[in-house]
$ cat data.txt   # compact mmCIF, C-alpha atoms
# COMPACT_ATOMS: atom_id res chain seq x y z
CA MET U 9 0.00 0.00 0.00
CA ASN U 10 1.26 3.47 -0.86
CA ASP U 11 1.93 5.39 2.37
CA ASN U 12 1.31 8.65 0.52
CA TYR U 13 -2.36 7.96 0.93
CA GLN U 14 -1.97 8.43 4.70
CA ILE U 15 -1.05 12.11 4.17
CA GLU U 16 -3.76 14.42 5.51
CA GLN U 17 -6.18 15.23 2.71
CA VAL U 18 -7.45 18.81 2.54
CA CYS U 19 -11.05 18.62 1.40
CA PRO U 20 -12.85 21.49 -0.35
CA PRO U 21 -15.69 23.25 1.49
CA GLY U 22 -18.87 21.21 1.50
CA SER U 23 -17.09 17.85 1.71
CA PHE U 24 -15.55 15.59 4.34
CA GLN U 25 -12.69 13.11 4.61
CA TYR U 26 -13.35 9.41 4.22
CA THR U 27 -10.88 6.52 4.60
CA ILE U 28 -11.29 3.73 2.05
CA MET U 29 -12.16 0.36 3.54
CA ALA U 30 -12.18 -3.14 2.08
CA GLY U 31 -14.90 -3.52 -0.54
CA ASP U 32 -15.36 0.20 -1.18
CA THR U 33 -15.89 1.43 -4.72
CA LEU U 34 -16.79 4.91 -5.90
CA PHE U 35 -20.18 3.56 -6.93
CA SER U 36 -20.90 2.08 -3.49
CA LEU U 37 -19.70 5.27 -1.78
CA ALA U 38 -21.87 7.41 -4.06
CA GLN U 39 -24.90 5.31 -3.12
CA ARG U 40 -24.07 5.34 0.60
CA PHE U 41 -23.62 9.12 0.79
CA ASN U 42 -26.36 10.01 -1.72
CA VAL U 43 -24.05 11.76 -4.21
CA THR U 44 -22.95 11.00 -7.76
CA VAL U 45 -19.75 9.19 -8.74
CA GLN U 46 -18.80 12.26 -10.79
CA ALA U 47 -19.20 14.50 -7.74
CA ILE U 48 -16.70 12.33 -5.84
CA ILE U 49 -14.27 12.39 -8.79
CA ASN U 50 -14.60 16.20 -9.01
CA ALA U 51 -13.78 16.52 -5.29
CA ASN U 52 -10.64 14.37 -5.74
CA PRO U 53 -8.60 15.61 -8.72
CA GLY U 54 -6.33 12.88 -10.06
CA ILE U 55 -8.15 10.02 -8.36
CA ASP U 56 -8.15 6.69 -10.22
CA PRO U 57 -11.74 5.37 -9.85
CA ASN U 58 -10.57 1.86 -10.66
CA ARG U 59 -7.69 1.69 -8.17
CA LEU U 60 -8.91 2.66 -4.73
CA GLN U 61 -6.63 1.43 -1.95
CA ILE U 62 -7.52 0.45 1.61
CA GLY U 63 -6.44 3.34 3.87
CA GLN U 64 -6.59 5.90 1.05
CA ILE U 65 -8.17 9.17 2.21
CA ILE U 66 -10.59 10.82 -0.19
CA CYS U 67 -13.09 13.66 -0.05
CA ILE U 68 -16.81 12.94 -0.14
CA PRO U 69 -18.98 15.90 -1.15
CA ARG U 70 -21.93 16.45 1.13
CA ALA U 71 -25.41 16.06 -0.31
CA THR U 72 -27.78 18.79 0.87
CA PRO U 73 -31.22 17.23 1.35
CA PRO U 74 -34.31 19.07 0.12
CA CYS U 75 -36.05 20.67 3.09
CA PRO U 76 -39.26 22.49 2.03
CA ASN U 77 -41.04 22.05 5.38
CA GLY U 78 -38.15 22.52 7.76
CA PHE U 79 -34.63 23.92 8.02
CA LEU U 80 -31.09 22.71 7.35
CA TYR U 81 -28.79 21.89 10.26
CA THR U 82 -25.06 21.20 10.20
CA VAL U 83 -23.92 18.39 12.49
CA VAL U 84 -21.36 19.43 15.12
CA ALA U 85 -19.09 17.43 17.41
CA GLY U 86 -21.06 15.38 19.93
CA ASP U 87 -24.30 15.36 17.96
CA THR U 88 -26.46 12.28 17.69
CA LEU U 89 -29.78 12.04 15.87
CA ILE U 90 -31.63 11.38 19.11
CA GLY U 91 -29.94 14.40 20.70
CA ILE U 92 -30.83 16.59 17.73
CA ALA U 93 -34.43 15.31 17.81
CA GLN U 94 -34.73 16.19 21.50
CA ARG U 95 -33.15 19.61 20.97
CA PHE U 96 -35.60 20.60 18.23
CA ASN U 97 -38.64 18.82 19.73
CA VAL U 98 -39.22 16.46 16.81
CA SER U 99 -39.23 12.69 16.69
CA LEU U 100 -36.22 10.65 15.61
CA GLN U 101 -38.38 9.03 12.93
CA ALA U 102 -39.41 12.45 11.57
CA ILE U 103 -35.74 13.36 11.03
CA ILE U 104 -35.05 9.99 9.38
CA ASN U 105 -38.08 10.46 7.09
CA ALA U 106 -36.87 13.95 6.13
CA ASN U 107 -33.40 12.64 5.21
CA PRO U 108 -33.78 9.58 2.93
CA GLY U 109 -30.74 7.32 3.09
CA ILE U 110 -29.39 8.79 6.33
CA ASP U 111 -27.63 6.34 8.66
CA PRO U 112 -29.04 7.18 12.12
CA ASN U 113 -26.05 5.49 13.76
CA PHE U 114 -23.40 7.24 11.70
CA ILE U 115 -23.70 11.01 11.25
CA GLN U 116 -20.60 13.06 10.58
CA ILE U 117 -19.37 16.46 11.73
CA GLY U 118 -20.24 18.96 9.01
CA GLN U 119 -23.01 16.79 7.55
CA VAL U 120 -26.06 18.84 6.59
CA ILE U 121 -29.43 17.36 7.50
CA CYS U 122 -33.03 18.51 7.27
CA ILE U 123 -34.88 19.17 10.53
CA PRO U 124 -38.63 19.03 9.86
CA ARG U 125 -40.73 21.60 11.66
CA VAL U 126 -43.27 20.35 14.15
CA THR U 127 -46.76 20.70 12.67
CA PRO U 128 -49.10 22.13 15.30
CA PRO U 129 -52.11 19.96 16.19
CA THR U 130 -55.39 20.55 14.37
CA PRO U 131 -57.43 23.05 16.39
CA PRO U 132 -61.12 22.52 17.18
CA CYS U 133 -63.25 24.60 14.86
CA PRO U 134 -66.94 24.44 15.82
CA ASN U 135 -67.80 27.87 14.40
CA GLY U 136 -65.75 27.92 11.24
CA PHE U 137 -63.86 25.59 8.90
CA LEU U 138 -60.41 24.03 8.75
CA TYR U 139 -57.91 25.42 6.24
CA THR U 140 -54.52 24.02 5.19
CA VAL U 141 -51.80 26.67 4.83
CA VAL U 142 -50.16 26.86 1.40
CA ALA U 143 -47.04 28.69 0.19
CA GLY U 144 -47.43 32.47 0.40
CA ASP U 145 -50.18 32.48 3.01
CA THR U 146 -50.14 35.01 5.85
CA LEU U 147 -52.80 35.69 8.45
CA PHE U 148 -53.43 39.08 6.85
CA ILE U 149 -53.99 37.52 3.41
CA LEU U 150 -56.27 34.83 4.88
CA ALA U 151 -58.25 37.41 6.84
CA GLN U 152 -58.86 39.42 3.66
CA ARG U 153 -59.73 36.33 1.62
CA PHE U 154 -62.29 35.02 4.10
CA ASN U 155 -63.64 38.40 5.25
CA VAL U 156 -62.64 38.05 8.90
CA THR U 157 -60.15 39.90 11.07
CA VAL U 158 -56.62 38.76 11.82
CA GLN U 159 -57.52 38.85 15.52
CA ALA U 160 -60.51 36.56 14.91
CA ILE U 161 -58.20 33.96 13.31
CA ILE U 162 -55.73 34.28 16.20
CA ASN U 163 -58.57 33.84 18.72
CA ALA U 164 -59.75 30.71 16.89
CA ASN U 165 -56.25 29.18 16.99
CA PRO U 166 -54.84 29.40 20.55
CA GLY U 167 -51.05 29.30 20.55
CA ILE U 168 -50.69 30.13 16.83
CA ASP U 169 -47.60 32.13 15.86
CA PRO U 170 -48.94 34.81 13.48
CA ASN U 171 -45.45 35.39 12.05
CA PHE U 172 -44.59 31.74 11.43
CA LEU U 173 -47.22 29.81 9.50
CA GLN U 174 -46.04 26.46 8.13
CA ILE U 175 -46.96 24.98 4.76
CA GLY U 176 -49.34 22.11 5.54
CA GLN U 177 -50.35 23.56 8.91
CA VAL U 178 -54.10 23.22 9.54
CA ILE U 179 -55.79 26.24 11.12
CA CYS U 180 -59.34 27.25 11.94
CA ILE U 181 -60.94 30.05 9.91
CA PRO U 182 -63.88 31.45 11.89
CA ARG U 183 -67.00 32.39 10.01
CA PRO U 184 -67.65 36.15 9.81
CA MET U 185 -69.59 37.23 12.89
CA PRO U 186 -73.11 38.52 12.14
CA PRO U 187 -73.57 42.22 12.96
CA THR U 188 -75.05 43.19 16.32
CA PRO U 189 -78.82 43.57 15.90
CA PRO U 190 -80.75 46.60 17.23
CA CYS U 191 -82.49 45.74 20.49
CA PRO U 192 -84.74 48.56 21.69
CA ASN U 193 -87.19 46.26 23.49
CA GLY U 194 -84.82 43.78 25.04
CA PHE U 195 -81.14 43.23 25.88
CA LEU U 196 -78.05 41.97 24.10
CA TYR U 197 -76.66 38.51 24.86
CA THR U 198 -73.34 36.96 23.76
CA ILE U 199 -73.49 33.32 22.66
CA ARG U 200 -71.47 30.93 24.82
CA PRO U 201 -70.33 27.33 24.19
CA GLY U 202 -73.30 24.95 24.32
CA ASP U 203 -75.94 27.61 23.70
CA THR U 204 -78.92 26.89 21.46
CA LEU U 205 -81.92 29.12 20.79
CA PHE U 206 -84.05 26.60 22.69
CA SER U 207 -81.83 26.68 25.81
CA ILE U 208 -81.58 30.49 25.64
CA ALA U 209 -85.36 30.79 25.27
CA GLN U 210 -85.86 28.60 28.33
CA ARG U 211 -83.27 30.49 30.33
CA PHE U 212 -84.86 33.88 29.67
CA ASN U 213 -88.46 32.65 29.65
CA VAL U 214 -89.24 33.70 26.08
CA THR U 215 -90.13 31.70 22.99
CA VAL U 216 -87.69 30.60 20.32
CA GLN U 217 -89.86 32.39 17.77
CA ALA U 218 -89.64 35.64 19.75
CA ILE U 219 -85.82 35.45 19.64
CA ILE U 220 -85.90 34.73 15.89
CA ASN U 221 -88.25 37.70 15.33
CA ALA U 222 -85.90 39.97 17.29
CA ASN U 223 -82.88 38.89 15.22
CA PRO U 224 -83.71 39.15 11.48
CA GLY U 225 -81.55 36.83 9.40
CA ILE U 226 -80.40 34.69 12.34
CA ASP U 227 -79.72 31.03 11.54
CA PRO U 228 -81.13 29.06 14.49
CA ASN U 229 -78.95 26.07 13.61
CA ARG U 230 -75.64 27.94 13.32
CA LEU U 231 -75.08 30.10 16.35
CA GLN U 232 -71.46 31.19 16.77
CA ILE U 233 -69.60 31.52 20.05
CA GLY U 234 -69.16 35.27 20.58
CA GLN U 235 -72.16 36.14 18.38
CA VAL U 236 -74.31 38.90 19.90
CA ILE U 237 -78.08 38.48 19.69
CA CYS U 238 -81.10 40.38 20.98
CA ILE U 239 -83.20 38.76 23.70
CA PRO U 240 -86.67 40.38 23.68
CA ARG U 241 -88.28 41.05 27.01
CA ARG U 242 -91.29 38.90 27.75
CA CYS U 243 -94.56 40.77 27.27
CA PHE U 244 -97.29 40.27 29.86
CA THR U 245 -99.59 42.75 28.09
CA VAL U 246 -99.56 44.09 24.54
CA CYS U 247 -96.01 45.01 23.49
CA ILE U 248 -95.76 48.34 21.73
$ encode --input "data.txt" --output "structure tokens"
Amino acid sequence: MNDNYQIEQVCPPGSFQYTIMAGDTLFSLAQRFNVTVQAIINANPGIDPNRLQIGQIICIPRATPPCPNGFLYTVVAGDTLIGIAQRFNVSLQAIINANPGIDPNFIQIGQVICIPRVTPPTPPCPNGFLYTVVAGDTLFILAQRFNVTVQAIINANPGIDPNFLQIGQVICIPRPMPPTPPCPNGFLYTIRPGDTLFSIAQRFNVTVQAIINANPGIDPNRLQIGQVICIPRRCFTVCI
């Protein structure tokens, strides 16, 4: 074996040193590290692809994985995949899925991997509809598109980060709140979770029909939490 191959190899940026072992070929290395044979040859001027020697040190260019729904991270000394997963609050399997071909037991200093972002859980949405965020979406754009306020969307999605929507994230778009009705002969009431016109009518000792008459355009089957309605006062004589 030629001892010259033990001389420290200076690798170009974006690559790392690798020591040839028994059975290695450029083709097998290209497959293992998810790069092309030509990329390895380009990183090692003068290499003879047909005469690799055990102990020979070559440069392997790093393959940057696609990462549309996350961010790229460069492995540093001491890193393990489980440690990285814990640091960024994602599962080990999620990192493996985001980096096809990665060897979870053999990551290298300087290796670039994709860390998928954690997709927030789907919020409950009883008074609206679920929407999946696409590229380019912002809360302001969604508020304009669906004729609601940004604050209404934030209120419908507790814990949402208005400045960091993720592609594929599912959020609740509340339906536009009906305007507050005039109520000269009664009082205003704000709908709460579990309310129905029947339960409200019983609570305030009026009829369902009286509430409907006092709220033109109301949909008795689609009350919204936070919606303000007029509760007419019960008439014991003729109401003027």
$ residues_around --input "data.txt" --residues "region 208-223 of chain U" --least-positions-apart "5" --cutoff "7 Å" --atoms "all atoms listed in the file" --output "PDB file with C-alpha atoms, in the coordinates of the input"
ATOM      1  CA  PRO U 189     -78.820  43.570  15.900  1.00  0.00           C
ATOM      2  CA  ASP U 203     -75.940  27.610  23.700  1.00  0.00           C
ATOM      3  CA  ILE U 237     -78.080  38.480  19.690  1.00  0.00           C
ATOM      4  CA  CYS U 238     -81.100  40.380  20.980  1.00  0.00           C
ATOM      5  CA  ILE U 239     -83.200  38.760  23.700  1.00  0.00           C
ATOM      6  CA  PRO U 240     -86.670  40.380  23.680  1.00  0.00           C
ATOM      7  CA  ARG U 242     -91.290  38.900  27.750  1.00  0.00           C
TER       8      ARG U 242
END
$ residues_around --input "data.txt" --residues "region 56-66 of chain U" --least-positions-apart "5" --cutoff "6 Å" --atoms "only C-alpha atoms" --output "list of chain:residue names"
U:Tyr13, U:Gln25, U:Tyr26, U:Thr27, U:Ile28, U:Met29, U:Ala30
$ closest_residue --input "data.txt" --among "U:Leu34, U:Ile179, U:Ile162, U:Ile233" --to "Asn135 (chain U)" --atoms "only C-alpha atoms"
U:Ile233
$ axis_aligned_box --input "data.txt" --around "region 164-171 of chain U" --padding-each-side "6 Å" --output "lines of an AutoDock Vina configuration file"
center_x = -52.6
center_y = 32.3
center_z = 16.3
size_x = 26.3
size_y = 18.2
size_z = 20.5
$ atom_distance --input "data.txt" --atom1 "CA of Gln46 (chain U)" --atom2 "CA of Phe24 (chain U)"
15.8 Å
$ closest_residue --input "data.txt" --among "U:Ala71, U:Cys191, U:Leu196, U:Ala160" --to "Ile48 (chain U)" --atoms "all atoms listed in the file"
U:Ala71
$ residues_around --input "data.txt" --residues "Thr127 (chain U)" --least-positions-apart "5" --cutoff "10 Å" --atoms "only C-alpha atoms" --output "number ranges by chain"
U: 77, 98, 173-178
$ closest_residue --input "data.txt" --among "U:Pro190, U:Gly22, U:Pro74, U:Pro69" --to "Ile123 (chain U)" --atoms "only C-alpha atoms"
U:Pro74
$ residues_near_point --input "data.txt" --point "(-67.7, 36.3, 14.0)" --cutoff "10 Å" --atoms "only C-alpha atoms" --output "list in words"
Asn135, Gly136, Asn155, Val156, Thr157, Ala160, Ile161, Pro182, Arg183, Pro184, Met185, Pro186, Pro187, Leu231, Gln232, Ile233, Gly234, Gln235 and Val236 of chain U
$ closest_residue --input "data.txt" --among "U:Cys180, U:Phe114, U:Ala106, U:Pro170" --to "Thr130 (chain U)" --atoms "all atoms listed in the file"
U:Cys180
$ closest_residue --input "data.txt" --among "U:Pro124, U:Pro201, U:Gly31, U:Gly109" --to "Asn97 (chain U)" --atoms "all atoms listed in the file"
U:Pro124
$ atom_distance --input "data.txt" --atom1 "CA of Thr204 (chain U)" --atom2 "CA of Arg230 (chain U)"
8.8 Å
$ closest_residue --input "data.txt" --among "U:Asn107, U:Ser99, U:Thr82, U:Thr146" --to "Asn42 (chain U)" --atoms "only C-alpha atoms"
U:Asn107
$ atom_distance --input "data.txt" --atom1 "CA of Arg40 (chain U)" --atom2 "CA of Val84 (chain U)"
20.4 Å
$ residues_around --input "data.txt" --residues "Ile181 (chain U)" --least-positions-apart "3" --cutoff "8 Å" --atoms "only C-alpha atoms" --output "count of residues only"
8
$ build_atoms --input "data.txt" --residues "region 188-203 of chain U" --atoms "N, CA, C and O atoms" --output "PDB file, in the coordinates of the input"
ATOM      1  N   THR U 188     -74.217  43.081  15.119  1.00  0.00           N
ATOM      2  CA  THR U 188     -75.050  43.190  16.320  1.00  0.00           C
ATOM      3  C   THR U 188     -76.414  43.773  15.946  1.00  0.00           C
ATOM      4  O   THR U 188     -76.481  44.855  15.347  1.00  0.00           O
ATOM      5  N   PRO U 189     -77.499  43.068  16.284  1.00  0.00           N
ATOM      6  CA  PRO U 189     -78.820  43.570  15.900  1.00  0.00           C
ATOM      7  C   PRO U 189     -79.267  44.710  16.814  1.00  0.00           C
ATOM      8  O   PRO U 189     -78.827  44.797  17.969  1.00  0.00           O
ATOM      9  N   PRO U 190     -80.153  45.606  16.322  1.00  0.00           N
ATOM     10  CA  PRO U 190     -80.750  46.600  17.230  1.00  0.00           C
ATOM     11  C   PRO U 190     -81.634  45.877  18.246  1.00  0.00           C
ATOM     12  O   PRO U 190     -82.202  44.827  17.960  1.00  0.00           O
ATOM     13  N   CYS U 191     -81.758  46.445  19.433  1.00  0.00           N
ATOM     14  CA  CYS U 191     -82.490  45.740  20.490  1.00  0.00           C
ATOM     15  C   CYS U 191     -83.195  46.731  21.421  1.00  0.00           C
ATOM     16  O   CYS U 191     -82.934  46.769  22.626  1.00  0.00           O
ATOM     17  N   PRO U 192     -84.111  47.512  20.861  1.00  0.00           N
ATOM     18  CA  PRO U 192     -84.740  48.560  21.690  1.00  0.00           C
ATOM     19  C   PRO U 192     -85.662  48.004  22.774  1.00  0.00           C
ATOM     20  O   PRO U 192     -85.852  48.645  23.804  1.00  0.00           O
ATOM     21  N   ASN U 193     -86.216  46.806  22.535  1.00  0.00           N
ATOM     22  CA  ASN U 193     -87.190  46.260  23.490  1.00  0.00           C
ATOM     23  C   ASN U 193     -86.681  44.983  24.160  1.00  0.00           C
ATOM     24  O   ASN U 193     -87.448  44.053  24.411  1.00  0.00           O
ATOM     25  N   GLY U 194     -85.388  44.943  24.404  1.00  0.00           N
ATOM     26  CA  GLY U 194     -84.820  43.780  25.040  1.00  0.00           C
ATOM     27  C   GLY U 194     -83.411  44.067  25.492  1.00  0.00           C
ATOM     28  O   GLY U 194     -83.074  45.206  25.813  1.00  0.00           O
ATOM     29  N   PHE U 195     -82.531  43.050  25.471  1.00  0.00           N
ATOM     30  CA  PHE U 195     -81.140  43.230  25.880  1.00  0.00           C
ATOM     31  C   PHE U 195     -80.262  42.339  25.019  1.00  0.00           C
ATOM     32  O   PHE U 195     -80.727  41.342  24.444  1.00  0.00           O
ATOM     33  N   LEU U 196     -79.004  42.711  24.928  1.00  0.00           N
ATOM     34  CA  LEU U 196     -78.050  41.970  24.100  1.00  0.00           C
ATOM     35  C   LEU U 196     -77.436  40.824  24.908  1.00  0.00           C
ATOM     36  O   LEU U 196     -77.140  40.968  26.100  1.00  0.00           O
ATOM     37  N   TYR U 197     -77.225  39.703  24.214  1.00  0.00           N
ATOM     38  CA  TYR U 197     -76.660  38.510  24.860  1.00  0.00           C
ATOM     39  C   TYR U 197     -75.580  37.938  23.942  1.00  0.00           C
ATOM     40  O   TYR U 197     -75.771  37.849  22.722  1.00  0.00           O
ATOM     41  N   THR U 198     -74.448  37.536  24.531  1.00  0.00           N
ATOM     42  CA  THR U 198     -73.340  36.960  23.760  1.00  0.00           C
ATOM     43  C   THR U 198     -73.377  35.440  23.867  1.00  0.00           C
ATOM     44  O   THR U 198     -73.390  34.881  24.975  1.00  0.00           O
ATOM     45  N   ILE U 199     -73.401  34.776  22.714  1.00  0.00           N
ATOM     46  CA  ILE U 199     -73.490  33.320  22.660  1.00  0.00           C
ATOM     47  C   ILE U 199     -72.268  32.689  23.320  1.00  0.00           C
ATOM     48  O   ILE U 199     -71.125  33.095  23.078  1.00  0.00           O
ATOM     49  N   ARG U 200     -72.532  31.651  24.131  1.00  0.00           N
ATOM     50  CA  ARG U 200     -71.470  30.930  24.820  1.00  0.00           C
ATOM     51  C   ARG U 200     -71.453  29.470  24.345  1.00  0.00           C
ATOM     52  O   ARG U 200     -72.432  29.005  23.736  1.00  0.00           O
ATOM     53  N   PRO U 201     -70.364  28.735  24.600  1.00  0.00           N
ATOM     54  CA  PRO U 201     -70.330  27.330  24.190  1.00  0.00           C
ATOM     55  C   PRO U 201     -71.529  26.559  24.755  1.00  0.00           C
ATOM     56  O   PRO U 201     -71.877  26.693  25.928  1.00  0.00           O
ATOM     57  N   GLY U 202     -72.182  25.762  23.896  1.00  0.00           N
ATOM     58  CA  GLY U 202     -73.300  24.950  24.320  1.00  0.00           C
ATOM     59  C   GLY U 202     -74.658  25.599  24.159  1.00  0.00           C
ATOM     60  O   GLY U 202     -75.695  24.940  24.292  1.00  0.00           O
ATOM     61  N   ASP U 203     -74.661  26.910  23.844  1.00  0.00           N
ATOM     62  CA  ASP U 203     -75.940  27.610  23.700  1.00  0.00           C
ATOM     63  C   ASP U 203     -76.699  27.144  22.460  1.00  0.00           C
ATOM     64  O   ASP U 203     -76.099  26.893  21.400  1.00  0.00           O
TER      65      ASP U 203
END
